[in-house]
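Trainee: For reference, the file input14.cif (mmCIF, C-alpha atoms; chains and numbers go by the auth columns) is included below:
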```cif
data_coords
loop_
_atom_site.group_PDB
_atom_site.id
_atom_site.type_symbol
_atom_site.label_atom_id
_atom_site.label_comp_id
_atom_site.label_asym_id
_atom_site.label_seq_id
_atom_site.Cartn_x
_atom_site.Cartn_y
_atom_site.Cartn_z
_atom_site.B_iso_or_equiv
_atom_site.auth_seq_id
_atom_site.auth_asym_id
ATOM 1 C CA GLN A 1 -7.273 -11.783 -2.941 0.00 138 A
ATOM 2 C CA GLU A 2 -5.849 -9.389 -5.464 0.00 139 A
ATOM 3 C CA LYS A 3 -5.795 -10.649 -9.068 0.00 140 A
ATOM 4 C CA VAL A 4 -3.054 -9.266 -11.278 0.00 141 A
ATOM 5 C CA GLN A 5 -2.863 -9.806 -15.041 0.00 142 A
ATOM 6 C CA GLN A 6 -0.120 -8.682 -17.382 0.00 143 A
ATOM 7 C CA SER A 7 0.045 -8.276 -21.120 0.00 144 A
ATOM 8 C CA PRO A 8 1.572 -9.062 -23.473 0.00 145 A
ATOM 9 C CA GLU A 9 3.129 -12.372 -22.419 0.00 146 A
ATOM 10 C CA SER A 10 6.183 -11.660 -24.503 0.00 147 A
ATOM 11 C CA LEU A 11 7.540 -8.869 -26.644 0.00 148 A
ATOM 12 C CA ILE A 12 10.423 -8.573 -29.103 0.00 149 A
ATOM 13 C CA VAL A 13 11.561 -5.086 -30.088 0.00 150 A
ATOM 14 C CA PRO A 14 14.572 -3.556 -31.847 0.00 151 A
ATOM 15 C CA GLU A 15 17.117 -1.611 -29.847 0.00 152 A
ATOM 16 C CA GLY A 16 16.016 1.996 -29.340 0.00 153 A
ATOM 17 C CA ALA A 17 12.288 1.228 -29.475 0.00 154 A
ATOM 18 C CA MET A 18 9.750 2.467 -26.932 0.00 155 A
ATOM 19 C CA VAL A 19 8.357 -0.449 -24.910 0.00 156 A
ATOM 20 C CA SER A 20 4.908 -0.498 -23.296 0.00 157 A
ATOM 21 C CA LEU A 21 3.934 -3.111 -20.728 0.00 158 A
ATOM 22 C CA ASN A 22 0.468 -3.445 -19.223 0.00 159 A
ATOM 23 C CA CYS A 23 -0.901 -4.604 -15.888 0.00 160 A
ATOM 24 C CA SER A 24 -4.471 -4.795 -14.651 0.00 161 A
ATOM 25 C CA PHE A 25 -5.557 -5.474 -11.089 0.00 162 A
ATOM 26 C CA SER A 26 -8.809 -6.298 -9.348 0.00 163 A
ATOM 27 C CA ASP A 27 -8.972 -4.196 -6.171 0.00 164 A
ATOM 28 C CA SER A 28 -9.398 -0.423 -6.466 0.00 165 A
ATOM 29 C CA ALA A 29 -8.244 -0.109 -2.840 0.00 166 A
ATOM 30 C CA SER A 30 -4.756 -1.249 -3.798 0.00 167 A
ATOM 31 C CA GLN A 31 -2.269 1.146 -2.265 0.00 168 A
ATOM 32 C CA SER A 32 0.910 0.467 -4.183 0.00 169 A
ATOM 33 C CA ILE A 33 2.009 -0.901 -7.503 0.00 170 A
ATOM 34 C CA TRP A 34 5.598 -1.953 -8.125 0.00 171 A
ATOM 35 C CA TRP A 35 7.371 -3.075 -11.256 0.00 172 A
ATOM 36 C CA TYR A 36 10.163 -5.609 -10.873 0.00 173 A
ATOM 37 C CA GLN A 37 12.788 -6.738 -13.384 0.00 174 A
ATOM 38 C CA GLN A 38 13.978 -10.334 -13.365 0.00 175 A
ATOM 39 C CA HIS A 39 16.929 -11.597 -15.375 0.00 176 A
ATOM 40 C CA PRO A 40 17.317 -15.345 -16.035 0.00 177 A
ATOM 41 C CA GLY A 41 18.469 -17.258 -12.972 0.00 178 A
ATOM 42 C CA LYS A 42 18.116 -14.217 -10.705 0.00 179 A
ATOM 43 C CA GLY A 43 15.624 -12.932 -8.185 0.00 180 A
ATOM 44 C CA PRO A 44 13.313 -10.014 -9.066 0.00 181 A
ATOM 45 C CA LYS A 45 14.651 -6.517 -8.467 0.00 182 A
ATOM 46 C CA ALA A 46 12.472 -3.471 -7.824 0.00 183 A
ATOM 47 C CA LEU A 47 12.483 -0.915 -10.639 0.00 184 A
ATOM 48 C CA ILE A 48 9.835 1.698 -9.959 0.00 185 A
ATOM 49 C CA SER A 49 6.690 2.181 -7.907 0.00 186 A
ATOM 50 C CA ILE A 50 3.583 4.320 -7.988 0.00 187 A
ATOM 51 C CA PHE A 51 1.086 5.062 -5.253 0.00 188 A
ATOM 52 C CA SER A 52 -1.103 7.868 -6.641 0.00 189 A
ATOM 53 C CA ASN A 53 -3.153 8.234 -9.788 0.00 190 A
ATOM 54 C CA GLY A 54 -1.171 9.785 -12.596 0.00 191 A
ATOM 55 C CA ASN A 55 2.343 9.200 -13.810 0.00 192 A
ATOM 56 C CA LYS A 56 5.867 8.996 -12.462 0.00 193 A
ATOM 57 C CA LYS A 57 9.111 9.233 -14.395 0.00 194 A
ATOM 58 C CA GLU A 58 12.525 7.916 -13.420 0.00 195 A
ATOM 59 C CA GLY A 59 15.216 8.044 -16.094 0.00 196 A
ATOM 60 C CA ARG A 60 14.064 6.010 -19.103 0.00 197 A
ATOM 61 C CA LEU A 61 11.112 4.588 -17.167 0.00 198 A
ATOM 62 C CA THR A 62 7.623 6.069 -16.913 0.00 199 A
ATOM 63 C CA VAL A 63 4.735 4.454 -15.092 0.00 200 A
ATOM 64 C CA TYR A 64 1.071 5.446 -15.473 0.00 201 A
ATOM 65 C CA LEU A 65 -1.641 4.530 -12.986 0.00 202 A
ATOM 66 C CA ASN A 66 -5.373 4.796 -13.610 0.00 203 A
ATOM 67 C CA ARG A 67 -7.277 3.579 -10.561 0.00 204 A
ATOM 68 C CA ALA A 68 -10.671 4.037 -12.212 0.00 205 A
ATOM 69 C CA SER A 69 -9.774 1.516 -14.904 0.00 206 A
ATOM 70 C CA LEU A 70 -7.658 -0.629 -12.532 0.00 207 A
ATOM 71 C CA HIS A 71 -4.754 -0.350 -14.947 0.00 208 A
ATOM 72 C CA VAL A 72 -1.081 0.500 -14.722 0.00 209 A
ATOM 73 C CA SER A 73 1.484 0.611 -17.510 0.00 210 A
ATOM 74 C CA LEU A 74 5.267 0.764 -17.673 0.00 211 A
ATOM 75 C CA HIS A 75 7.017 2.476 -20.563 0.00 212 A
ATOM 76 C CA ILE A 76 10.695 2.063 -21.321 0.00 213 A
ATOM 77 C CA LYS A 77 12.180 4.699 -23.570 0.00 214 A
ATOM 78 C CA ASP A 78 15.146 3.981 -25.870 0.00 215 A
ATOM 79 C CA SER A 79 15.247 0.288 -24.983 0.00 216 A
ATOM 80 C CA GLN A 80 18.630 -1.455 -24.718 0.00 217 A
ATOM 81 C CA PRO A 81 19.629 -5.136 -25.058 0.00 218 A
ATOM 82 C CA SER A 82 20.396 -5.045 -21.321 0.00 219 A
ATOM 83 C CA ASP A 83 16.677 -4.339 -20.731 0.00 220 A
ATOM 84 C CA SER A 84 15.939 -7.886 -21.929 0.00 221 A
ATOM 85 C CA ALA A 85 14.315 -9.566 -18.942 0.00 222 A
ATOM 86 C CA VAL A 86 10.973 -10.561 -17.450 0.00 223 A
ATOM 87 C CA TYR A 87 8.982 -7.648 -16.027 0.00 224 A
ATOM 88 C CA LEU A 88 6.683 -8.357 -13.113 0.00 225 A
ATOM 89 C CA CYS A 89 3.852 -6.194 -11.841 0.00 226 A
ATOM 90 C CA ALA A 90 3.171 -6.409 -8.072 0.00 227 A
ATOM 91 C CA VAL A 91 0.138 -4.942 -6.319 0.00 228 A
ATOM 92 C CA SER A 92 -0.392 -4.438 -2.568 0.00 229 A
ATOM 93 C CA ILE A 93 -3.569 -3.451 -0.745 0.00 230 A
ATOM 94 C CA ASN A 94 -1.653 -2.120 2.245 0.00 231 A
ATOM 95 C CA ASN A 95 1.677 -2.340 4.004 0.00 232 A
ATOM 96 C CA ASN A 96 0.709 -5.473 5.931 0.00 233 A
ATOM 97 C CA ASN A 97 -0.614 -7.249 2.884 0.00 234 A
ATOM 98 C CA ALA A 98 1.824 -9.249 0.796 0.00 235 A
ATOM 99 C CA PRO A 99 2.133 -8.092 -2.804 0.00 236 A
ATOM 100 C CA ARG A 100 0.485 -10.250 -5.445 0.00 237 A
ATOM 101 C CA PHE A 101 2.279 -10.675 -8.732 0.00 238 A
ATOM 102 C CA GLY A 102 1.261 -11.020 -12.332 0.00 239 A
ATOM 103 C CA ALA A 103 2.716 -13.779 -14.511 0.00 240 A
ATOM 104 C CA GLY A 104 5.120 -11.330 -16.126 0.00 241 A
ATOM 105 C CA THR A 105 6.055 -10.048 -19.590 0.00 242 A
ATOM 106 C CA LYS A 106 9.194 -11.392 -21.226 0.00 243 A
ATOM 107 C CA LEU A 107 10.953 -8.582 -23.095 0.00 244 A
ATOM 108 C CA SER A 108 13.652 -9.204 -25.685 0.00 245 A
ATOM 109 C CA VAL A 109 15.493 -6.201 -27.131 0.00 246 A
ATOM 110 C CA LYS A 110 17.402 -7.101 -30.297 0.00 247 A
ATOM 111 C CA PRO A 111 20.589 -5.181 -31.219 0.00 248 A
ATOM 112 C CA ASP B 1 24.671 -3.489 0.683 0.00 133 B
ATOM 113 C CA MET B 2 21.201 -4.946 1.353 0.00 134 B
ATOM 114 C CA LYS B 3 21.224 -8.659 0.785 0.00 135 B
ATOM 115 C CA VAL B 4 18.938 -11.685 0.915 0.00 136 B
ATOM 116 C CA THR B 5 20.642 -15.074 0.750 0.00 137 B
ATOM 117 C CA GLN B 6 19.167 -18.480 0.034 0.00 138 B
ATOM 118 C CA MET B 7 20.587 -21.935 0.596 0.00 139 B
ATOM 119 C CA PRO B 8 20.905 -24.249 -1.162 0.00 140 B
ATOM 120 C CA ARG B 9 20.728 -22.811 -4.679 0.00 141 B
ATOM 121 C CA TYR B 10 19.953 -26.180 -6.251 0.00 142 B
ATOM 122 C CA LEU B 11 18.406 -29.261 -4.669 0.00 143 B
ATOM 123 C CA ILE B 12 17.250 -32.633 -5.961 0.00 144 B
ATOM 124 C CA LYS B 13 15.094 -34.775 -3.711 0.00 145 B
ATOM 125 C CA ARG B 14 13.037 -37.928 -4.044 0.00 146 B
ATOM 126 C CA MET B 15 9.294 -37.960 -3.467 0.00 147 B
ATOM 127 C CA GLY B 16 8.529 -38.418 0.221 0.00 148 B
ATOM 128 C CA GLU B 17 11.783 -36.912 1.468 0.00 149 B
ATOM 129 C CA ASN B 18 11.815 -33.865 3.736 0.00 150 B
ATOM 130 C CA VAL B 19 13.136 -30.581 2.368 0.00 151 B
ATOM 131 C CA LEU B 20 14.535 -27.560 4.183 0.00 152 B
ATOM 132 C CA LEU B 21 15.067 -24.284 2.344 0.00 153 B
ATOM 133 C CA GLU B 22 16.807 -21.505 4.211 0.00 154 B
ATOM 134 C CA CYS B 23 16.736 -17.758 3.803 0.00 155 B
ATOM 135 C CA GLY B 24 18.687 -14.990 5.505 0.00 156 B
ATOM 136 C CA GLN B 25 18.666 -11.206 5.358 0.00 157 B
ATOM 137 C CA ASP B 26 21.029 -8.612 6.766 0.00 158 B
ATOM 138 C CA MET B 27 18.653 -5.629 6.817 0.00 159 B
ATOM 139 C CA SER B 28 16.713 -6.369 10.049 0.00 160 B
ATOM 140 C CA HIS B 29 13.485 -6.322 8.046 0.00 161 B
ATOM 141 C CA GLU B 30 10.485 -7.448 10.072 0.00 162 B
ATOM 142 C CA THR B 31 8.529 -8.917 7.170 0.00 163 B
ATOM 143 C CA MET B 32 9.690 -11.885 5.137 0.00 164 B
ATOM 144 C CA TYR B 33 8.015 -13.994 2.453 0.00 165 B
ATOM 145 C CA TRP B 34 8.260 -17.270 0.618 0.00 166 B
ATOM 146 C CA TYR B 35 7.083 -17.504 -3.002 0.00 167 B
ATOM 147 C CA ARG B 36 7.304 -20.157 -5.658 0.00 168 B
ATOM 148 C CA GLN B 37 7.649 -19.355 -9.340 0.00 169 B
ATOM 149 C CA ASP B 38 6.409 -21.620 -12.095 0.00 170 B
ATOM 150 C CA PRO B 39 6.307 -20.901 -15.835 0.00 171 B
ATOM 151 C CA GLY B 40 3.197 -18.960 -16.787 0.00 172 B
ATOM 152 C CA LEU B 41 2.073 -18.517 -13.176 0.00 173 B
ATOM 153 C CA GLY B 42 4.339 -15.815 -11.884 0.00 174 B
ATOM 154 C CA LEU B 43 5.187 -15.629 -8.192 0.00 175 B
ATOM 155 C CA GLN B 44 2.732 -17.349 -5.874 0.00 176 B
ATOM 156 C CA LEU B 45 2.737 -16.488 -2.178 0.00 177 B
ATOM 157 C CA ILE B 46 3.252 -19.466 0.147 0.00 178 B
ATOM 158 C CA TYR B 47 3.773 -17.813 3.535 0.00 179 B
ATOM 159 C CA ILE B 48 4.375 -14.395 5.034 0.00 180 B
ATOM 160 C CA SER B 49 6.112 -13.715 8.335 0.00 181 B
ATOM 161 C CA TYR B 50 5.603 -10.418 10.167 0.00 182 B
ATOM 162 C CA ASP B 51 8.331 -11.095 12.736 0.00 183 B
ATOM 163 C CA VAL B 52 9.689 -13.903 14.932 0.00 184 B
ATOM 164 C CA ASP B 53 7.016 -16.597 15.453 0.00 185 B
ATOM 165 C CA SER B 54 4.382 -14.461 13.671 0.00 186 B
ATOM 166 C CA ASN B 55 3.596 -16.298 10.465 0.00 187 B
ATOM 167 C CA SER B 56 0.532 -16.334 8.202 0.00 188 B
ATOM 168 C CA GLU B 57 -0.534 -18.519 5.321 0.00 189 B
ATOM 169 C CA GLY B 58 -0.361 -17.116 1.857 0.00 190 B
ATOM 170 C CA ASP B 59 -2.336 -18.266 -1.164 0.00 191 B
ATOM 171 C CA ILE B 60 -0.848 -21.763 -1.555 0.00 192 B
ATOM 172 C CA PRO B 61 0.302 -22.982 1.898 0.00 193 B
ATOM 173 C CA LYS B 62 -0.779 -26.620 1.538 0.00 194 B
ATOM 174 C CA GLY B 63 2.182 -28.973 1.816 0.00 195 B
ATOM 175 C CA TYR B 64 4.471 -26.326 3.310 0.00 196 B
ATOM 176 C CA ARG B 65 5.331 -24.987 6.731 0.00 197 B
ATOM 177 C CA VAL B 66 7.668 -22.265 7.908 0.00 198 B
ATOM 178 C CA SER B 67 9.830 -21.396 10.869 0.00 199 B
ATOM 179 C CA ARG B 68 11.137 -18.021 12.001 0.00 200 B
ATOM 180 C CA LYS B 69 13.047 -18.074 15.270 0.00 201 B
ATOM 181 C CA LYS B 70 15.333 -15.128 14.496 0.00 202 B
ATOM 182 C CA ARG B 71 14.363 -11.938 12.660 0.00 203 B
ATOM 183 C CA GLU B 72 17.099 -12.427 10.045 0.00 204 B
ATOM 184 C CA HIS B 73 16.317 -16.052 9.259 0.00 205 B
ATOM 185 C CA PHE B 74 13.220 -17.653 7.661 0.00 206 B
ATOM 186 C CA SER B 75 12.938 -21.333 6.735 0.00 207 B
ATOM 187 C CA LEU B 76 10.553 -23.172 4.414 0.00 208 B
ATOM 188 C CA ILE B 77 9.930 -26.850 5.170 0.00 209 B
ATOM 189 C CA LEU B 78 8.367 -29.437 2.919 0.00 210 B
ATOM 190 C CA ASP B 79 7.382 -32.522 4.869 0.00 211 B
ATOM 191 C CA SER B 80 7.283 -35.476 2.482 0.00 212 B
ATOM 192 C CA ALA B 81 7.933 -33.645 -0.769 0.00 213 B
ATOM 193 C CA LYS B 82 5.729 -34.221 -3.791 0.00 214 B
ATOM 194 C CA THR B 83 6.620 -34.065 -7.468 0.00 215 B
ATOM 195 C CA ASN B 84 4.279 -31.096 -7.972 0.00 216 B
ATOM 196 C CA GLN B 85 6.443 -29.099 -5.555 0.00 217 B
ATOM 197 C CA THR B 86 9.180 -28.997 -8.168 0.00 218 B
ATOM 198 C CA SER B 87 9.673 -25.280 -8.675 0.00 219 B
ATOM 199 C CA VAL B 88 11.924 -22.293 -8.086 0.00 220 B
ATOM 200 C CA TYR B 89 11.462 -20.891 -4.579 0.00 221 B
ATOM 201 C CA PHE B 90 12.147 -17.270 -3.744 0.00 222 B
ATOM 202 C CA CYS B 91 12.511 -15.658 -0.367 0.00 223 B
ATOM 203 C CA ALA B 92 12.014 -11.924 0.073 0.00 224 B
ATOM 204 C CA SER B 93 12.104 -9.345 2.839 0.00 225 B
ATOM 205 C CA SER B 94 10.610 -5.871 3.081 0.00 226 B
ATOM 206 C CA LEU B 95 10.727 -2.786 5.258 0.00 227 B
ATOM 207 C CA SER B 96 7.776 -1.037 3.657 0.00 228 B
ATOM 208 C CA TYR B 97 6.276 -1.844 0.274 0.00 229 B
ATOM 209 C CA GLU B 98 9.512 -2.607 -1.600 0.00 230 B
ATOM 210 C CA GLN B 99 10.609 -6.218 -1.531 0.00 231 B
ATOM 211 C CA TYR B 100 14.180 -7.489 -1.699 0.00 232 B
ATOM 212 C CA PHE B 101 14.497 -10.940 -3.214 0.00 233 B
ATOM 213 C CA GLY B 102 17.059 -13.663 -2.832 0.00 234 B
ATOM 214 C CA PRO B 103 18.571 -15.496 -5.832 0.00 235 B
ATOM 215 C CA GLY B 104 16.165 -18.435 -5.546 0.00 236 B
ATOM 216 C CA THR B 105 16.426 -22.172 -4.904 0.00 237 B
ATOM 217 C CA ARG B 106 15.685 -24.529 -7.771 0.00 238 B
ATOM 218 C CA LEU B 107 14.062 -27.626 -6.237 0.00 239 B
ATOM 219 C CA THR B 108 13.474 -30.796 -8.216 0.00 240 B
ATOM 220 C CA VAL B 109 11.414 -33.572 -6.650 0.00 241 B
ATOM 221 C CA LEU B 110 11.790 -36.886 -8.476 0.00 242 B
#
```
Can the structure in the file be given as structure tokens, please?
Mentor:
Amino acid sequence: QEKVQQSPESLIVPEGAMVSLNCSFSDSASQSIWWYQQHPGKGPKALISIFSNGNKKEGRLTVYLNRASLHVSLHIKDSQPSDSAVYLCAVSINNNNAPRFGAGTKLSVKP
Amino acid sequence: DMKVTQMPRYLIKRMGENVLLECGQDMSHETMYWYRQDPGLGLQLIYISYDVDSNSEGDIPKGYRVSRKKREHFSLILDSAKTNQTSVYFCASSLSYEQYFGPGTRLTVL
């Protein structure tokens, strides 16, 4: 069973700051890593995914994957108060294997 | 618009009562999931369903069972609910790797 750990548990930053969230996983055979955003009282919503070693950029989001170190990070550029949410890292071994989630990082962006 | 619905949104039950949580999706996704979310523990997988009547246990299936008789509908049943099953329950569906989540059901077992 895939083990997924996220750090930090919580983070408070001023508006406009660069945010870095970390996720480590246990199985180097993991095929896909997804980041989800969850606002209070809502279900998680997919933000960005990565399948290959390296990085991927979408708008203000950049994700970096290093399979050798079993580590993936999410960076949010120019953070906004609307980015305040819990960010969940989800890792899947293959398409038939349910994703396993980390406990999440709670991000607060202060105006 | 792709949508996953859950009913009810809030539920209070007494210990020993039976609980039925329902989930629907309008995307004809084959795979559906039930998770529970507790503070500090993230989302824990209870059951996964690959299609009608094709269900597998997740990581914490004890005390739960599921039913999927139509592709668009997936139910979670708690027979004789326990206080430690108080949690927020999320249903999700997926076509490939991306999951689509419902809004959750907050269950309190007294």
Trainee: So that I can see what lies close to Met155 of chain A, please list as a PDB file with C-alpha atoms, in the frame of the given file the residues with an atom at most 7 Å from it, counting only C-alpha atoms and leaving out residues fewer than 6 positions away in the same chain.
Mentor:
```
ATOM      1  CA  HIS A 212       7.017   2.476 -20.563  1.00  0.00           C
ATOM      2  CA  ILE A 213      10.695   2.063 -21.321  1.00  0.00           C
ATOM      3  CA  LYS A 214      12.180   4.699 -23.570  1.00  0.00           C
ATOM      4  CA  ASP A 215      15.146   3.981 -25.870  1.00  0.00           C
ATOM      5  CA  SER A 216      15.247   0.288 -24.983  1.00  0.00           C
TER       6      SER A 216
END
```
Trainee: Could you jot down the atom CA of Phe188 of chain A to atom CA of Trp172 of chain A separation for me, Å, one decimal place?
Mentor: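 Atom CA of Trp172 of chain A lies at a distance of 11.9 Å from atom CA of Phe188 of chain A.
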Trainee: Neighbours of Ile209 of chain B within 7 Å (only C-alpha atoms; same-chain residues fewer than 5 positions away dropped), as a ChimeraX atom specification?
Mentor: /B:151-153,196-198
Trainee: Under the rule of at most 12 Å, produce a per-residue listing of chain B near chain A: chain, number, name, the closest pair of atoms, and the distance in Å, as CSV, using all atoms listed in the file.
Mentor:
```
residue,atom,partner,partner_atom,distance
B:Met134,CA,A:Lys182,CA,11.9
B:Lys135,CA,A:Gly180,CA,11.4
B:Val136,CA,A:Gly180,CA,9.8
B:Thr137,CA,A:Gly180,CA,10.5
B:Gln138,CA,A:Gly180,CA,10.5
B:Arg141,CA,A:Gly178,CA,10.2
B:Tyr142,CA,A:Gly178,CA,11.3
B:Glu162,CA,A:Asn233,CA,10.8
B:Thr163,CA,A:Asn233,CA,8.6
B:Met164,CA,A:Ala235,CA,9.4
B:Tyr165,CA,A:Ala235,CA,8.0
B:Trp166,CA,A:Ala235,CA,10.3
B:Tyr167,CA,A:Arg237,CA,10.1
B:Arg168,CA,A:Phe238,CA,11.2
B:Gln169,CA,A:Ala240,CA,9.1
B:Asp170,CA,A:Ala240,CA,9.0
B:Pro171,CA,A:Ala240,CA,8.1
B:Gly172,CA,A:Ala240,CA,5.7
B:Leu173,CA,A:Ala240,CA,5.0
B:Gly174,CA,A:Ala240,CA,3.7
B:Leu175,CA,A:Phe238,CA,5.8
B:Gln176,CA,A:Phe238,CA,7.3
B:Leu177,CA,A:Arg237,CA,7.4
B:Ile178,CA,A:Ala235,CA,10.3
B:Tyr179,CA,A:Ala235,CA,9.2
B:Ile180,CA,A:Ala235,CA,7.1
B:Ser181,CA,A:Ala235,CA,9.8
B:Tyr182,CA,A:Asn233,CA,8.1
B:Asp183,CA,A:Asn233,CA,11.7
B:Ser188,CA,A:Ala235,CA,10.3
B:Glu189,CA,A:Ala235,CA,10.6
B:Gly190,CA,A:Ala235,CA,8.2
B:Asp191,CA,A:Gln138,CA,8.3
B:Ile192,CA,A:Gln138,CA,11.9
B:Val220,CA,A:Gly178,CA,9.6
B:Tyr221,CA,A:Gly180,CA,9.7
B:Phe222,CA,A:Gly180,CA,7.1
B:Cys223,CA,A:Gly180,CA,8.8
B:Ala224,CA,A:Gly180,CA,9.1
B:Ser225,CA,A:Ala235,CA,10.5
B:Ser226,CA,A:Asn232,CA,9.6
B:Leu227,CA,A:Asn232,CA,9.1
B:Ser228,CA,A:Asn232,CA,6.2
B:Tyr229,CA,A:Asn232,CA,5.9
B:Glu230,CA,A:Ala183,CA,6.9
B:Gln231,CA,A:Ala183,CA,7.1
B:Tyr232,CA,A:Lys182,CA,6.9
B:Phe233,CA,A:Gly180,CA,5.5
B:Gly234,CA,A:Gly180,CA,5.6
B:Pro235,CA,A:Gly180,CA,4.6
B:Gly236,CA,A:Gly180,CA,6.1
B:Thr237,CA,A:Gly178,CA,9.7
B:Arg238,CA,A:Gly178,CA,9.4
```
Trainee: May I have the centre and edge lengths, in Å to one decimal, of an axis-aligned box around the listed atoms of segment 209-223 of chain B with 8 Å added to every side, as JSON?
Mentor:
```
{"center_x": 8.4, "center_y": -25.6, "center_z": -1.8, "size_x": 24.2, "size_y": 35.8, "size_z": 29.8}
```
Trainee: Could you tell me which of A:Pro248, A:Ala166, A:Pro145, A:Ala154 comes closest to Ser219 of chain A if we count only C-alpha atoms?
Mentor: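 Closest to Ser219 of chain A of all the choices is A:Pro248.
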Trainee: Once the PyMOL selection byres ((chain B and resi 160) around 9) has been evaluated on this model, what residues remain selected, and can you format them as a list in words?
Mentor: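 Evaluating the PyMOL selection byres ((chain B and resi 160) around 9) on these coordinates yields Gln157, Asp158, Met159, His161, Glu162, Arg203, Glu204 and Leu227 of chain B.
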Trainee: Write the selection just made, keeping C-alpha atoms, as a PDB file, keeping the file's coordinate frame?
Mentor:
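Dumped everything to result-v3.pdb:
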```
ATOM      1  CA  GLN B 157      18.666 -11.206   5.358  1.00  0.00           C
ATOM      2  CA  ASP B 158      21.029  -8.612   6.766  1.00  0.00           C
ATOM      3  CA  MET B 159      18.653  -5.629   6.817  1.00  0.00           C
ATOM      4  CA  HIS B 161      13.485  -6.322   8.046  1.00  0.00           C
ATOM      5  CA  GLU B 162      10.485  -7.448  10.072  1.00  0.00           C
ATOM      6  CA  ARG B 203      14.363 -11.938  12.660  1.00  0.00           C
ATOM      7  CA  GLU B 204      17.099 -12.427  10.045  1.00  0.00           C
ATOM      8  CA  LEU B 227      10.727  -2.786   5.258  1.00  0.00           C
TER       9      LEU B 227
END
```
Trainee: Go through A:Ile187, A:Cys160, A:Ile149, A:Ala205 one by one, measure the shortest atom-to-atom distance of each to Asp220 of chain A using all atoms listed in the file, and give the residue with the smallest value.
Mentor: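 The shortest atom-to-atom distance to Asp220 of chain A comes from A:Ile149.
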Trainee: Starting from the PyMOL selection byres ((chain A and resi 150) around 7), expand the selection into actual residues of this file and give them as a PyMOL selection string.
Mentor: chain A and resi 148-149+151-152+154+245-247
Trainee: Please provide the set of residues having any atom within 12 Å of Asn150 of chain B, restricted to all atoms listed in the file, with same-chain residues fewer than 4 positions apart removed, written as a ChimeraX atom specification.
Mentor: /B:143-146,195-197,208-214,217,239,241
Trainee: Could those selected residues go to a file with C-alpha atoms, as a PDB file, in the frame of the given file?
Mentor:
```
ATOM      1  CA  LEU B 143      18.406 -29.261  -4.669  1.00  0.00           C
ATOM      2  CA  ILE B 144      17.250 -32.633  -5.961  1.00  0.00           C
ATOM      3  CA  LYS B 145      15.094 -34.775  -3.711  1.00  0.00           C
ATOM      4  CA  ARG B 146      13.037 -37.928  -4.044  1.00  0.00           C
ATOM      5  CA  GLY B 195       2.182 -28.973   1.816  1.00  0.00           C
ATOM      6  CA  TYR B 196       4.471 -26.326   3.310  1.00  0.00           C
ATOM      7  CA  ARG B 197       5.331 -24.987   6.731  1.00  0.00           C
ATOM      8  CA  LEU B 208      10.553 -23.172   4.414  1.00  0.00           C
ATOM      9  CA  ILE B 209       9.930 -26.850   5.170  1.00  0.00           C
ATOM     10  CA  LEU B 210       8.367 -29.437   2.919  1.00  0.00           C
ATOM     11  CA  ASP B 211       7.382 -32.522   4.869  1.00  0.00           C
ATOM     12  CA  SER B 212       7.283 -35.476   2.482  1.00  0.00           C
ATOM     13  CA  ALA B 213       7.933 -33.645  -0.769  1.00  0.00           C
ATOM     14  CA  LYS B 214       5.729 -34.221  -3.791  1.00  0.00           C
ATOM     15  CA  GLN B 217       6.443 -29.099  -5.555  1.00  0.00           C
ATOM     16  CA  LEU B 239      14.062 -27.626  -6.237  1.00  0.00           C
ATOM     17  CA  VAL B 241      11.414 -33.572  -6.650  1.00  0.00           C
TER      18      VAL B 241
END
```
Trainee: How far is it from atom CA of Leu211 of chain A to atom CA of Ser161 of chain A, in Å with one decimal?
Mentor: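 Spanning atom CA of Leu211 of chain A to atom CA of Ser161 of chain A is a straight-line distance of 11.6 Å.
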Trainee: What's the separation between atom CA of Ile230 of chain A and atom CA of His176 of chain A, in Å to one decimal place?
Mentor: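 We find that atom CA of Ile230 of chain A and atom CA of His176 of chain A lie 26.5 Å from each other.
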Trainee: Tell me which of B:Met139, B:Glu154, B:Met147, B:Thr240 sits closest to Ser219 of chain B, counting only C-alpha atoms.
Mentor: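 Using only C-alpha atoms, Ser219 of chain B sits closest to B:Thr240.
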